[in-house]
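Q: If you scroll down you'll find the structure; I have some questions about it.
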Amino acid sequence: MVSLCPKLEDMVNLVKIGAIVQSDAPIGLFGGGEIHSDDIKLVLNRVKTAVAADGGAAALIDSGHVPDAVFGDFDSLPAHYRAQIPEDRLFQITEQDSTDFDKALRSICAPVVLGAGFLGARVDHQLAAFNTLVRLQDRPCLLLGAHEIVFHAPPRIRLALSAGDTVSLFPLRRVTGRSIGLEWPIDDLVLTPDGRVGTSNRALGQVTLEVDGPGLLAIVPRAALDQVMQAFVSGQTGRWPVHAE
């Protein structure tokens, strides 16, 4: 079920109150960065609701789909694209303290969000997206890359990967945890952004990851997308609480 909250004059307060778009199924989110037609098809084949962060609406419209909602300050949404979107689907959030990805993700409530158009372009935009994944820790989101997917590791997850698959774990906060099925287990390790990290680990087969707290990015092969999505949808991952600002 998908619902749109009533439009209020103060959109910032609306976002603080709760999500604008809510669904009990995965939602697709499109950004204005590097995105290919295959990415659009892949996402749309897995969701019933497709929304956009500002200029990301252009890619959807070019593919023949009008987004169910668009969030952002609209500084990168050309007027001829905006004119094709019904007014009640446009949610302008004018504050400049956050990115359009942040504005969009915090406006969505779903078991998991599948995001395309946020990786592979400018490095600063990618870093900002990773920051948002961790800061909005209660909003699970998978970011689709050319060869991998990136997501904020939940309290626990089990994935049936292939032996030899690359599994990278990069901390944006100090984190600890346990693993089964990694060539180099993370048990008894302390991972920090300016210390030990876990890039280029390898799966031995099925991988189980448990994390003691939020802050760890997981990077796995793009081929694992469906099982990562299913893990979040099934609820077996658990969910981090809202981050206290």
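In the structure tokens, chains take letters A, B, ... by order of appearance, with residues numbered from 1 within each chain and ligands from 1 in the order shown.
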Please tabulate, as a tab-separated table, the residues of range 123-173 of chain A that come within 12 Å of range 25-39 of chain A, each with its closest pair of atoms and the distance in Å to one decimal, counting only C-alpha atoms and ordering rows by chain, then residue number upward.
A:
residue	atom	partner	partner_atom	distance
A:Val123	CA	A:Gly33	CA	10.9
A:Asp124	CA	A:Gly33	CA	11.7
A:His125	CA	A:Gly33	CA	8.5
A:Gln126	CA	A:Gly33	CA	9.4
A:Ala129	CA	A:Gly31	CA	10.6
A:Arg139	CA	A:Ile27	CA	11.4
A:Pro140	CA	A:Pro26	CA	10.0
A:Cys141	CA	A:Leu29	CA	9.2
A:Leu142	CA	A:Gly28	CA	9.7
A:Leu143	CA	A:Leu29	CA	9.3
A:Leu144	CA	A:Asp39	CA	7.8
A:Gly145	CA	A:Asp39	CA	8.8
A:Ala146	CA	A:Asp39	CA	8.6
A:His147	CA	A:Asp39	CA	11.2
A:Ile149	CA	A:Asp39	CA	11.8
Q: Near Val233 in chain A, counting only C-alpha atoms, which residues have an atom at most 9 Å away, once you skip same-chain residues fewer than 5 positions from it, shown as a list in words?
A: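 Near neighbours after the sequence-gap exclusion: Asp24, Ala25, Pro26, Ala110, Pro111, Val112 and Val228 of chain A.
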Q: What's the 12 Å shell around Pro67 in chain A, counting only C-alpha atoms, without same-chain residues fewer than 3 positions away, as a PyMOL selection string?
A: chain A and resi 21+27-31+44+48-64+70-71+81-82+84-91
Q: May I ask which of the residues A:Leu191, A:Ile20, A:Leu217, A:Leu105 is the closest one to Ser168 in chain A, counting only C-alpha atoms?
A: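 Looking only at the distances to Ser168 in chain A, the closest residue turns out to be A:Leu217.
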Q: Any idea what's packed within 10 Å of Pro241 in chain A, counting only C-alpha atoms, ignoring anything in its chain fewer than 2 positions away? Could you give it as an mmCIF file with N, CA and C atoms, in the first residue's frame?
A:
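Saved as part-v7.cif:
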data_model
loop_
_atom_site.group_PDB
_atom_site.id
_atom_site.type_symbol
_atom_site.label_atom_id
_atom_site.label_comp_id
_atom_site.auth_asym_id
_atom_site.auth_seq_id
_atom_site.Cartn_x
_atom_site.Cartn_y
_atom_site.Cartn_z
ATOM 1 N N LEU A 136 20.950 8.550 8.501
ATOM 2 C CA LEU A 136 19.537 8.152 8.501
ATOM 3 C C LEU A 136 19.473 6.639 8.681
ATOM 4 N N GLN A 137 19.982 6.192 9.816
ATOM 5 C CA GLN A 137 20.205 4.774 10.051
ATOM 6 C C GLN A 137 18.920 3.953 10.152
ATOM 7 N N ASP A 138 17.787 4.620 10.364
ATOM 8 C CA ASP A 138 16.517 3.907 10.469
ATOM 9 C C ASP A 138 15.819 3.774 9.124
ATOM 10 N N ARG A 139 16.450 4.255 8.029
ATOM 11 C CA ARG A 139 15.853 4.203 6.691
ATOM 12 C C ARG A 139 16.724 3.313 5.798
ATOM 13 N N PRO A 214 25.339 0.883 14.763
ATOM 14 C CA PRO A 214 25.300 1.452 13.418
ATOM 15 C C PRO A 214 26.623 2.089 13.021
ATOM 16 N N GLY A 238 16.663 -6.963 11.397
ATOM 17 C CA GLY A 238 16.520 -6.000 12.474
ATOM 18 C C GLY A 238 16.649 -4.597 11.887
ATOM 19 N N ARG A 239 16.519 -3.585 12.737
ATOM 20 C CA ARG A 239 16.526 -2.216 12.239
ATOM 21 C C ARG A 239 17.097 -1.291 13.307
ATOM 22 N N HIS A 243 18.433 7.958 14.582
ATOM 23 C CA HIS A 243 19.663 8.559 15.098
ATOM 24 C C HIS A 243 19.349 9.832 15.846
ATOM 25 N N ALA A 244 19.867 9.932 17.037
ATOM 26 C CA ALA A 244 19.678 11.140 17.840
ATOM 27 C C ALA A 244 20.636 12.216 17.360
#
Q: Could you check which of A:Ala104, A:Leu172, A:Met229, A:Leu161 is closest to Asn131 in chain A, using only C-alpha atoms?
A: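 The answer is A:Leu172, which sits nearest to Asn131 in chain A.
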Q: Point out the residue among A:Thr199, A:Gln236, A:Thr166, A:Ser23 with the least atom-to-atom distance to Leu216 in chain A, counting only C-alpha atoms.
A: A:Thr199
Q: With only C-alpha atoms as the atoms that count, which of A:Gln22, A:Gln227, A:Thr192, A:Thr132 lies nearest to His152 in chain A?
A: A:Thr132
Q: Could you check the closest approach to Cys109 in chain A for each of A:Ala121, A:Ala19, A:Leu182, A:Val190 and tell me which residue wins, using only C-alpha atoms?
A: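 With only C-alpha atoms as the atom set, the closest residue is A:Ala19.
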Q: What is the distance between CA of Ala163 in chain A and CA of Gln230 in chain A, in Å to one decimal?
A: 20.3 Å
Q: Where in range 37-106 of chain A does DSSP assign helix (DSSP H, G or I), given as a list in words?
A: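 Going through range 37-106 of chain A, the helix (DSSP H, G or I) residues come out as Ser37, Asp38, Asp39, Ile40, Lys41, Leu42, Val43, Leu44, Gly56, Ala57, Ala58, Ala59, Leu60, Ile61, Asp62, Ala79, His80, Tyr81, Arg82, Glu87, Asp88, Arg89, Asp100, Phe101, Asp102, Lys103, Ala104 and Leu105 of chain A.
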Q: Could you give me, as a VMD selection string, each residue of range 51-127 of chain A that DSSP assigns to strand (DSSP E or B) when run on this structure's backbone?
A: chain A and resid 51 to 53 69 to 72 90 to 92 108 to 109 113 to 116
Q: Output N, CA and C atoms for every residue in that selection, as an mmCIF file, in the first residue's frame.
A:
data_model
loop_
_atom_site.group_PDB
_atom_site.id
_atom_site.type_symbol
_atom_site.label_atom_id
_atom_site.label_comp_id
_atom_site.auth_asym_id
_atom_site.auth_seq_id
_atom_site.Cartn_x
_atom_site.Cartn_y
_atom_site.Cartn_z
ATOM 1 N N VAL A 51 10.172 7.084 -6.882
ATOM 2 C CA VAL A 51 10.255 8.498 -6.542
ATOM 3 C C VAL A 51 11.628 9.015 -6.951
ATOM 4 N N ALA A 52 11.809 10.325 -6.896
ATOM 5 C CA ALA A 52 13.066 10.913 -7.356
ATOM 6 C C ALA A 52 13.556 11.981 -6.406
ATOM 7 N N ALA A 53 14.875 12.119 -6.392
ATOM 8 C CA ALA A 53 15.516 13.220 -5.696
ATOM 9 C C ALA A 53 15.852 14.276 -6.733
ATOM 10 N N ALA A 69 6.564 10.733 -6.703
ATOM 11 C CA ALA A 69 6.862 11.897 -5.869
ATOM 12 C C ALA A 69 8.269 12.355 -6.197
ATOM 13 N N VAL A 70 8.512 13.657 -6.043
ATOM 14 C CA VAL A 70 9.847 14.222 -6.250
ATOM 15 C C VAL A 70 10.169 15.106 -5.055
ATOM 16 N N PHE A 71 11.383 14.920 -4.491
ATOM 17 C CA PHE A 71 11.812 15.686 -3.326
ATOM 18 C C PHE A 71 13.071 16.463 -3.655
ATOM 19 N N GLY A 72 13.243 17.633 -3.050
ATOM 20 C CA GLY A 72 14.473 18.390 -3.222
ATOM 21 C C GLY A 72 14.214 19.882 -3.251
ATOM 22 N N LEU A 90 5.015 17.025 -6.243
ATOM 23 C CA LEU A 90 6.228 17.806 -6.054
ATOM 24 C C LEU A 90 6.329 18.273 -4.611
ATOM 25 N N PHE A 91 7.403 17.889 -3.946
ATOM 26 C CA PHE A 91 7.607 18.248 -2.538
ATOM 27 C C PHE A 91 8.913 19.025 -2.430
ATOM 28 N N GLN A 92 8.793 20.338 -2.469
ATOM 29 C CA GLN A 92 9.975 21.192 -2.431
ATOM 30 C C GLN A 92 10.408 21.417 -0.994
ATOM 31 N N ILE A 108 10.835 9.029 3.037
ATOM 32 C CA ILE A 108 10.309 7.732 2.619
ATOM 33 C C ILE A 108 10.303 6.773 3.795
ATOM 34 N N CYS A 109 9.232 6.021 3.921
ATOM 35 C CA CYS A 109 9.167 4.943 4.909
ATOM 36 C C CYS A 109 8.822 3.662 4.167
ATOM 37 N N VAL A 113 14.737 0.859 0.545
ATOM 38 C CA VAL A 113 14.724 1.740 -0.627
ATOM 39 C C VAL A 113 15.847 1.299 -1.559
ATOM 40 N N LEU A 114 15.546 1.199 -2.847
ATOM 41 C CA LEU A 114 16.547 0.844 -3.841
ATOM 42 C C LEU A 114 16.904 2.099 -4.621
ATOM 43 N N GLY A 115 18.132 2.594 -4.440
ATOM 44 C CA GLY A 115 18.531 3.860 -5.030
ATOM 45 C C GLY A 115 19.459 3.699 -6.221
ATOM 46 N N ALA A 116 19.175 4.405 -7.292
ATOM 47 C CA ALA A 116 20.035 4.443 -8.480
ATOM 48 C C ALA A 116 20.298 5.892 -8.857
#
